[in-house]
Amino acid sequence: MTLLACLALAAHGQAPKSVRVLDWMLAVPAGWTMQVPSSPMRVAQFTAGSREGNADAAVFHFGLAGGGTVQENIDRWASQFVAEGGKPAIPLVSQATASGMPVTWVALDGRYARGAGTGPQGQATPSQSLRVAVLETPAGNLFFQLWGDRAAVAGQESAFRRMVQTLKRAP
């Protein structure tokens with residue numbers, strides 16, 4: 001289903017079950033709301049909040065060779081976080097596969113000043129989390145991100161992981 005078709009369904013109170021992201025179909029977690037992507041680098045965007053707080057999710061694609069290396073991105077994301085006690089945030093990183101492709105999972109928690117560049121971008125918000133899956137596809141990396149209030153992200157993390165792990169080739 002195209003992004004425009006999904007947005008049309010959402011406008012009529014119906015949640016799409018999946019959305020096309022490049023050459024793959026992405027299952028939309030229950031309770032997530034499709035949004036119009038706020039930048040051309042976002043190929044899908046959602047609100048994923050709950051009564052535990054606010055959370056957002058997006059899928060980014062920067063082309064075949066764009067977006068930097070996985071490690072460069074991990075370093076940039078970590079630079080936007082400060083852990084408890086003002087110490088630098090240490091990302092939890094693991095590797096696996098999803099849909100037969102390498103995926104790097106990243107988790108960060110603390111005070112977060114989200115931005116596009118390295119280092120804090122404005123005022124940091126306390127008790128925040130960022131979860132990222134960098135999926136290495138033949139069309140370039142797909143960056144899946146879930147971020148927001150720590151409790152809301154914790155409540156949506158399993159749905160986020162399932163979304164990445166169940167990505168299927170589009171017909």
# chains A, B, ... in the order shown; residues from 1 in each chain; ligands from 1
$ residues_around --residues "Met101 (chain A)" --least-positions-apart "3" --cutoff "9 Å" --atoms "only C-alpha atoms" --output "PDB file with all heavy atoms, in the first residue's frame"
ATOM      1  N   ALA A  96      22.277  -8.317  14.442  1.00  0.00           N
ATOM      2  CA  ALA A  96      21.462  -9.489  14.138  1.00  0.00           C
ATOM      3  C   ALA A  96      21.139  -9.442  12.646  1.00  0.00           C
ATOM      4  O   ALA A  96      21.803  -8.737  11.886  1.00  0.00           O
ATOM      5  CB  ALA A  96      20.183  -9.476  14.976  1.00  0.00           C
ATOM      6  N   THR A  97      20.133 -10.184  12.243  1.00  0.00           N
ATOM      7  CA  THR A  97      19.613 -10.089  10.884  1.00  0.00           C
ATOM      8  C   THR A  97      18.103  -9.894  10.966  1.00  0.00           C
ATOM      9  O   THR A  97      17.457 -10.302  11.935  1.00  0.00           O
ATOM     10  CB  THR A  97      19.914 -11.346  10.040  1.00  0.00           C
ATOM     11  OG1 THR A  97      19.319 -12.471  10.667  1.00  0.00           O
ATOM     12  CG2 THR A  97      21.405 -11.554   9.855  1.00  0.00           C
ATOM     13  N   ALA A  98      17.583  -9.255   9.945  1.00  0.00           N
ATOM     14  CA  ALA A  98      16.137  -9.068   9.799  1.00  0.00           C
ATOM     15  C   ALA A  98      15.830  -9.195   8.320  1.00  0.00           C
ATOM     16  O   ALA A  98      16.491  -8.556   7.490  1.00  0.00           O
ATOM     17  CB  ALA A  98      15.696  -7.703  10.325  1.00  0.00           C
ATOM     18  N   LEU A 135      19.084  -1.068   9.121  1.00  0.00           N
ATOM     19  CA  LEU A 135      18.957  -2.241   8.263  1.00  0.00           C
ATOM     20  C   LEU A 135      19.760  -2.004   6.991  1.00  0.00           C
ATOM     21  O   LEU A 135      19.510  -1.048   6.256  1.00  0.00           O
ATOM     22  CB  LEU A 135      17.484  -2.491   7.930  1.00  0.00           C
ATOM     23  CG  LEU A 135      17.159  -3.763   7.179  1.00  0.00           C
ATOM     24  CD1 LEU A 135      17.453  -4.994   8.040  1.00  0.00           C
ATOM     25  CD2 LEU A 135      15.689  -3.757   6.770  1.00  0.00           C
ATOM     26  N   GLU A 136      20.741  -2.866   6.734  1.00  0.00           N
ATOM     27  CA  GLU A 136      21.618  -2.729   5.576  1.00  0.00           C
ATOM     28  C   GLU A 136      20.986  -3.428   4.381  1.00  0.00           C
ATOM     29  O   GLU A 136      21.090  -4.635   4.229  1.00  0.00           O
ATOM     30  CB  GLU A 136      22.993  -3.298   5.900  1.00  0.00           C
ATOM     31  CG  GLU A 136      23.667  -2.556   7.045  1.00  0.00           C
ATOM     32  CD  GLU A 136      24.989  -3.162   7.455  1.00  0.00           C
ATOM     33  OE1 GLU A 136      25.778  -3.555   6.557  1.00  0.00           O
ATOM     34  OE2 GLU A 136      25.234  -3.249   8.679  1.00  0.00           O
ATOM     35  N   THR A 137      20.303  -2.640   3.528  1.00  0.00           N
ATOM     36  CA  THR A 137      19.598  -3.184   2.368  1.00  0.00           C
ATOM     37  C   THR A 137      20.422  -2.977   1.102  1.00  0.00           C
ATOM     38  O   THR A 137      21.317  -2.131   1.077  1.00  0.00           O
ATOM     39  CB  THR A 137      18.220  -2.505   2.184  1.00  0.00           C
ATOM     40  OG1 THR A 137      18.394  -1.250   1.528  1.00  0.00           O
ATOM     41  CG2 THR A 137      17.489  -2.325   3.503  1.00  0.00           C
ATOM     42  N   PRO A 138      20.104  -3.696   0.019  1.00  0.00           N
ATOM     43  CA  PRO A 138      20.795  -3.473  -1.255  1.00  0.00           C
ATOM     44  C   PRO A 138      20.583  -2.058  -1.801  1.00  0.00           C
ATOM     45  O   PRO A 138      21.379  -1.568  -2.597  1.00  0.00           O
ATOM     46  CB  PRO A 138      20.163  -4.509  -2.194  1.00  0.00           C
ATOM     47  CG  PRO A 138      19.627  -5.567  -1.289  1.00  0.00           C
ATOM     48  CD  PRO A 138      19.210  -4.862  -0.036  1.00  0.00           C
TER      49      PRO A 138
END
$ residues_around --residues "Arg51 (chain A)" --least-positions-apart "5" --cutoff "10 Å" --atoms "only C-alpha atoms" --output "PyMOL selection string"
chain A and resi 151-152+155
$ write_last_selection --atoms "all heavy atoms" --output "tab-separated table (two decimals), in the first residue's frame"
chain	number	residue	atom	x	y	z
A	151	ALA	N	9.11	5.93	29.20
A	151	ALA	CA	8.07	4.94	29.45
A	151	ALA	C	7.30	4.60	28.17
A	151	ALA	O	6.96	3.44	27.93
A	151	ALA	CB	7.10	5.43	30.53
A	152	ALA	N	7.03	5.59	27.34
A	152	ALA	CA	6.30	5.34	26.09
A	152	ALA	C	7.14	4.50	25.14
A	152	ALA	O	6.63	3.57	24.50
A	152	ALA	CB	5.90	6.66	25.43
A	155	GLY	N	7.21	0.95	26.26
A	155	GLY	CA	5.96	0.27	25.95
A	155	GLY	C	5.79	-0.09	24.49
A	155	GLY	O	5.01	-0.98	24.15
$ closest_residue --among "A:Asp109, A:Glu72, A:Asp149, A:Glu84" --to "Asn54 (chain A)" --atoms "only C-alpha atoms"
A:Asp149
$ residues_around --residues "Asn73 (chain A)" --least-positions-apart "2" --cutoff "12 Å" --atoms "only C-alpha atoms" --output "ChimeraX atom specification"
/A:66-71,75-80,91,93,104-106,116-119,132-134,141,143,145
$ closest_atom_pairs --of "region 40-76 of chain A" --to "region 23-26 of chain A" --cutoff "12 Å" --atoms "only C-alpha atoms" --output "JSON lines"
{"residue": "A:Val43", "atom": "CA", "partner": "A:Leu26", "partner_atom": "CA", "distance": 11.0}
{"residue": "A:Ala44", "atom": "CA", "partner": "A:Leu26", "partner_atom": "CA", "distance": 9.5}
{"residue": "A:Gln45", "atom": "CA", "partner": "A:Leu26", "partner_atom": "CA", "distance": 11.7}
{"residue": "A:Ala58", "atom": "CA", "partner": "A:Leu26", "partner_atom": "CA", "distance": 11.7}
{"residue": "A:Val59", "atom": "CA", "partner": "A:Leu26", "partner_atom": "CA", "distance": 10.1}
$ write_last_selection --atoms "C-alpha atoms" --output "PDB file, in the first residue's frame"
ATOM      1  CA  VAL A  43      10.056   7.441   3.902  1.00  0.00           C
ATOM      2  CA  ALA A  44       7.542   6.749   6.683  1.00  0.00           C
ATOM      3  CA  GLN A  45       6.556   8.550   9.880  1.00  0.00           C
ATOM      4  CA  ALA A  58      10.247   7.303  11.472  1.00  0.00           C
ATOM      5  CA  VAL A  59      12.064   5.417   8.743  1.00  0.00           C
TER       6      VAL A  59
END
$ closest_residue --among "A:Ser18, A:Val82, A:Leu108, A:Ser99" --to "Gln123 (chain A)" --atoms "only C-alpha atoms"
A:Val82
$ closest_residue --among "A:Ala55, A:Met41, A:Ala124, A:Leu146" --to "Ala83 (chain A)" --atoms "only C-alpha atoms"
A:Ala124
$ closest_residue --among "A:Phe81, A:Pro102, A:Ala30, A:Ser158" --to "Arg114 (chain A)" --atoms "only C-alpha atoms"
A:Phe81
$ atom_distance --atom1 "CA of Ala107 (chain A)" --atom2 "CA of Leu92 (chain A)"
5.1 Å
$ select_by_dssp --residues "chain A" --states "strand (DSSP E)" --output "ChimeraX atom specification"
/A:18-21,24-27,33-34,42-47,55-61,81-82,92-98,101-112,125-137,140-149,168-169
$ select_by_dssp --residues "chain A" --states "alpha helix (DSSP H)" --output "VMD selection string"
chain A and resid 3 to 11 70 to 79 150 to 165
$ residues_around --residues "Ala27 (chain A)" --least-positions-apart "3" --cutoff "7 Å" --atoms "only C-alpha atoms" --output "JSON, numbers by chain"
{"A": [17, 18, 19, 163, 167]}
$ closest_residue --among "A:Ser129, A:Ala170, A:Val36, A:Arg162" --to "Gly53 (chain A)" --atoms "only C-alpha atoms"
A:Ser129
$ closest_residue --among "A:Gly122, A:Gly115, A:Gly140, A:Pro37" --to "Ala65 (chain A)" --atoms "only C-alpha atoms"
A:Gly140
$ residues_around --residues "Gly86 (chain A)" --least-positions-apart "6" --cutoff "12 Å" --atoms "only C-alpha atoms" --output "PDB file with C-alpha atoms, in the first residue's frame"
ATOM      1  CA  GLY A 110      18.885   9.860  29.335  1.00  0.00           C
ATOM      2  CA  ARG A 111      18.590  13.582  28.650  1.00  0.00           C
ATOM      3  CA  TYR A 112      18.107  13.944  24.879  1.00  0.00           C
ATOM      4  CA  ALA A 124      17.832  18.505  26.373  1.00  0.00           C
ATOM      5  CA  PRO A 126      15.033  14.422  30.602  1.00  0.00           C
TER       6      PRO A 126
END
$ decode --residues "region 85-121 of chain A" --atoms "N, CA and C atoms" --output "compact mmCIF listing (two decimals), in the first residue's frame"
# COMPACT_ATOMS: atom_id res chain seq x y z
N GLY A 85 23.49 11.72 36.06
CA GLY A 85 24.67 12.28 36.69
C GLY A 85 25.54 13.10 35.75
N GLY A 86 25.04 13.40 34.54
CA GLY A 86 25.79 14.22 33.59
C GLY A 86 26.89 13.50 32.84
N LYS A 87 26.96 12.20 32.98
CA LYS A 87 27.99 11.43 32.28
C LYS A 87 27.59 11.20 30.83
N PRO A 88 28.57 10.97 29.94
CA PRO A 88 28.22 10.65 28.55
C PRO A 88 27.38 9.37 28.47
N ALA A 89 26.43 9.37 27.59
CA ALA A 89 25.58 8.20 27.40
C ALA A 89 26.36 7.13 26.65
N ILE A 90 26.22 5.90 27.08
CA ILE A 90 26.86 4.76 26.42
C ILE A 90 25.78 3.99 25.68
N PRO A 91 25.85 3.93 24.35
CA PRO A 91 24.82 3.20 23.61
C PRO A 91 24.97 1.69 23.79
N LEU A 92 23.84 1.02 23.89
CA LEU A 92 23.82 -0.44 23.86
C LEU A 92 23.65 -0.84 22.40
N VAL A 93 24.57 -1.62 21.88
CA VAL A 93 24.58 -1.96 20.47
C VAL A 93 24.63 -3.47 20.31
N SER A 94 23.82 -3.99 19.39
CA SER A 94 23.87 -5.41 19.07
C SER A 94 23.61 -5.59 17.59
N GLN A 95 24.09 -6.70 17.05
CA GLN A 95 23.89 -7.02 15.63
C GLN A 95 23.07 -8.29 15.51
N ALA A 96 22.28 -8.32 14.44
CA ALA A 96 21.46 -9.49 14.14
C ALA A 96 21.14 -9.44 12.65
N THR A 97 20.13 -10.18 12.24
CA THR A 97 19.61 -10.09 10.88
C THR A 97 18.10 -9.89 10.97
N ALA A 98 17.58 -9.25 9.94
CA ALA A 98 16.14 -9.07 9.80
C ALA A 98 15.83 -9.20 8.32
N SER A 99 14.90 -10.04 8.00
CA SER A 99 14.55 -10.30 6.59
C SER A 99 15.78 -10.66 5.77
N GLY A 100 16.71 -11.38 6.38
CA GLY A 100 17.90 -11.84 5.69
C GLY A 100 18.97 -10.78 5.50
N MET A 101 18.81 -9.60 6.10
CA MET A 101 19.78 -8.52 5.95
C MET A 101 20.36 -8.16 7.31
N PRO A 102 21.62 -7.68 7.32
CA PRO A 102 22.22 -7.28 8.60
C PRO A 102 21.45 -6.10 9.21
N VAL A 103 21.26 -6.14 10.53
CA VAL A 103 20.63 -5.04 11.25
C VAL A 103 21.44 -4.76 12.51
N THR A 104 21.67 -3.49 12.78
CA THR A 104 22.33 -3.06 14.01
C THR A 104 21.28 -2.38 14.87
N TRP A 105 21.11 -2.88 16.10
CA TRP A 105 20.16 -2.32 17.06
C TRP A 105 20.92 -1.41 18.01
N VAL A 106 20.36 -0.22 18.27
CA VAL A 106 21.00 0.76 19.15
C VAL A 106 19.96 1.24 20.16
N ALA A 107 20.36 1.34 21.43
CA ALA A 107 19.49 1.86 22.48
C ALA A 107 20.24 2.91 23.29
N LEU A 108 19.58 4.06 23.48
CA LEU A 108 20.13 5.14 24.29
C LEU A 108 19.04 5.68 25.20
N ASP A 109 19.43 6.06 26.42
CA ASP A 109 18.49 6.62 27.39
C ASP A 109 19.17 7.77 28.13
N GLY A 110 18.36 8.75 28.54
CA GLY A 110 18.88 9.86 29.34
C GLY A 110 18.25 11.18 28.93
N ARG A 111 19.01 12.26 29.10
CA ARG A 111 18.59 13.58 28.65
C ARG A 111 18.93 13.67 27.16
N TYR A 112 17.95 14.03 26.34
CA TYR A 112 18.11 13.94 24.88
C TYR A 112 17.82 15.30 24.25
N ALA A 113 18.75 15.76 23.44
CA ALA A 113 18.58 16.97 22.64
C ALA A 113 18.66 16.54 21.18
N ARG A 114 17.53 16.07 20.65
CA ARG A 114 17.46 15.50 19.30
C ARG A 114 17.78 16.56 18.25
N GLY A 115 18.53 16.15 17.23
CA GLY A 115 18.84 17.04 16.13
C GLY A 115 19.47 16.28 14.99
N ALA A 116 19.74 16.99 13.91
CA ALA A 116 20.30 16.36 12.73
C ALA A 116 21.82 16.26 12.80
N GLY A 117 22.46 17.13 13.58
CA GLY A 117 23.92 17.14 13.63
C GLY A 117 24.47 16.46 14.85
N THR A 118 25.79 16.58 14.99
CA THR A 118 26.48 16.01 16.13
C THR A 118 26.31 16.94 17.33
N GLY A 119 26.18 16.34 18.48
CA GLY A 119 26.04 17.11 19.71
C GLY A 119 24.60 17.52 19.95
N PRO A 120 24.34 18.03 21.14
CA PRO A 120 22.98 18.45 21.49
C PRO A 120 22.48 19.54 20.55
N GLN A 121 21.22 19.46 20.20
CA GLN A 121 20.59 20.44 19.33
C GLN A 121 19.50 21.15 20.13
